[in-house]
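*Asks:* Below is a structure I'd like to ask you about.
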Amino acid sequence: MMKSQRGSIKVKRDTSIGDRTFVIVMYVVLILLLIVMLYPLIFVISASFSNPKAVAGGRMILWPVEPSLDGYKYLMQYTEIWSGYANTFFYTIVGTVLNLAATLPCAYAMSRRDLKGRQFLMVFFMITMYFSGGLIPGYLNVKQLGLLDTRTVILINGLVSTYNLIVCRTFFMTSIPMEIQEAAIIDGCDDFQIFNKIVFPLSKAITVVMALYYGVGRWNSYFTEMIYLKDRGKYPLQLFLREILTKSTFAQTAMAEGKTFSVEEMMALIKQADTANMLKYGIIVISTAPMLLIYPFLQKYFEKGVMIGSVKG
């Protein structure tokens, strides 16, 4: 009897040591991941307050060097940045609303088992995930429709993402009981009433997740705007950030390659590179701040959304 008790105590001690080792290893891994993820963020924020020459020279590692607000003063004077900021908010908010208005009803329709030919329709949606008409045909199509250099083409382009459609359809099929919908049909509700009064109110989690997916995509978008917009007054913030990064890279490359310049041209290139470096980190900070501020409020819904289809019953 005493021998069995000693054996069980030994097993418990071994288990306890194993658990502690596992916890210590997990803490170490999590701390390393935290450092890897936080360092770029802290670096960008510190660089936005630092002397651009110190950043370019590698003297700034983590904390600001020769801190100043010159970069943000330049931003306040750069009026196009703020018009781009307003345009980005417009494209993100209005575009995301349109994305949800198109994706959610479509996904609900595709989730209905009584929809005839839904598998056939789904094939057409999935084809767009692998094939497209191409950039030039798409540009010519937009031009013929009279949408070139308009805000409308930015809002309706990519109105429905097939991946998001599949995620929403899976949510409706696994999380909204068909019995509730059948009971609503017996009570005399049509399909629009079922969606508006029953399905949509029960789909808060997937709605917020889709808003986050579409919103982040809209906020970071620049390629579509670069192709279809010519009026700088309609440019989003990301296009101005790309322009500044391009100027900075060009100036640094030109000086590094040892091309012959006059004194005035060399001074202009140095000033251009310094100004671009000073501006770009500030723009990165103000362009990422809204998403960083919004995400904590949507995190609980996001966690529910990523579990869609993983647990049933």
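Just remember, in the structure tokens the first chain shown is A, the second B, etc., residues are 1-based per chain, and ligands are 1-based in the order shown.
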From stretch 56-276 of chain A, collect each residue whose DSSP state is alpha helix (DSSP H) and return the set as a PyMOL selection string.
*Replies:* chain A and resi 56+70-77+79-111+118-130+135-144+151-156+162-175+178-186+191-194+204-220+223-228+237-256+263-276
*Asks:* Hey, which of A:Tyr295, A:Trp82, A:Tyr222, A:Tyr281 ends up closest to A:Pro40? Count only C-alpha atoms.
*Replies:*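 Nearest to A:Pro40: A:Tyr281.
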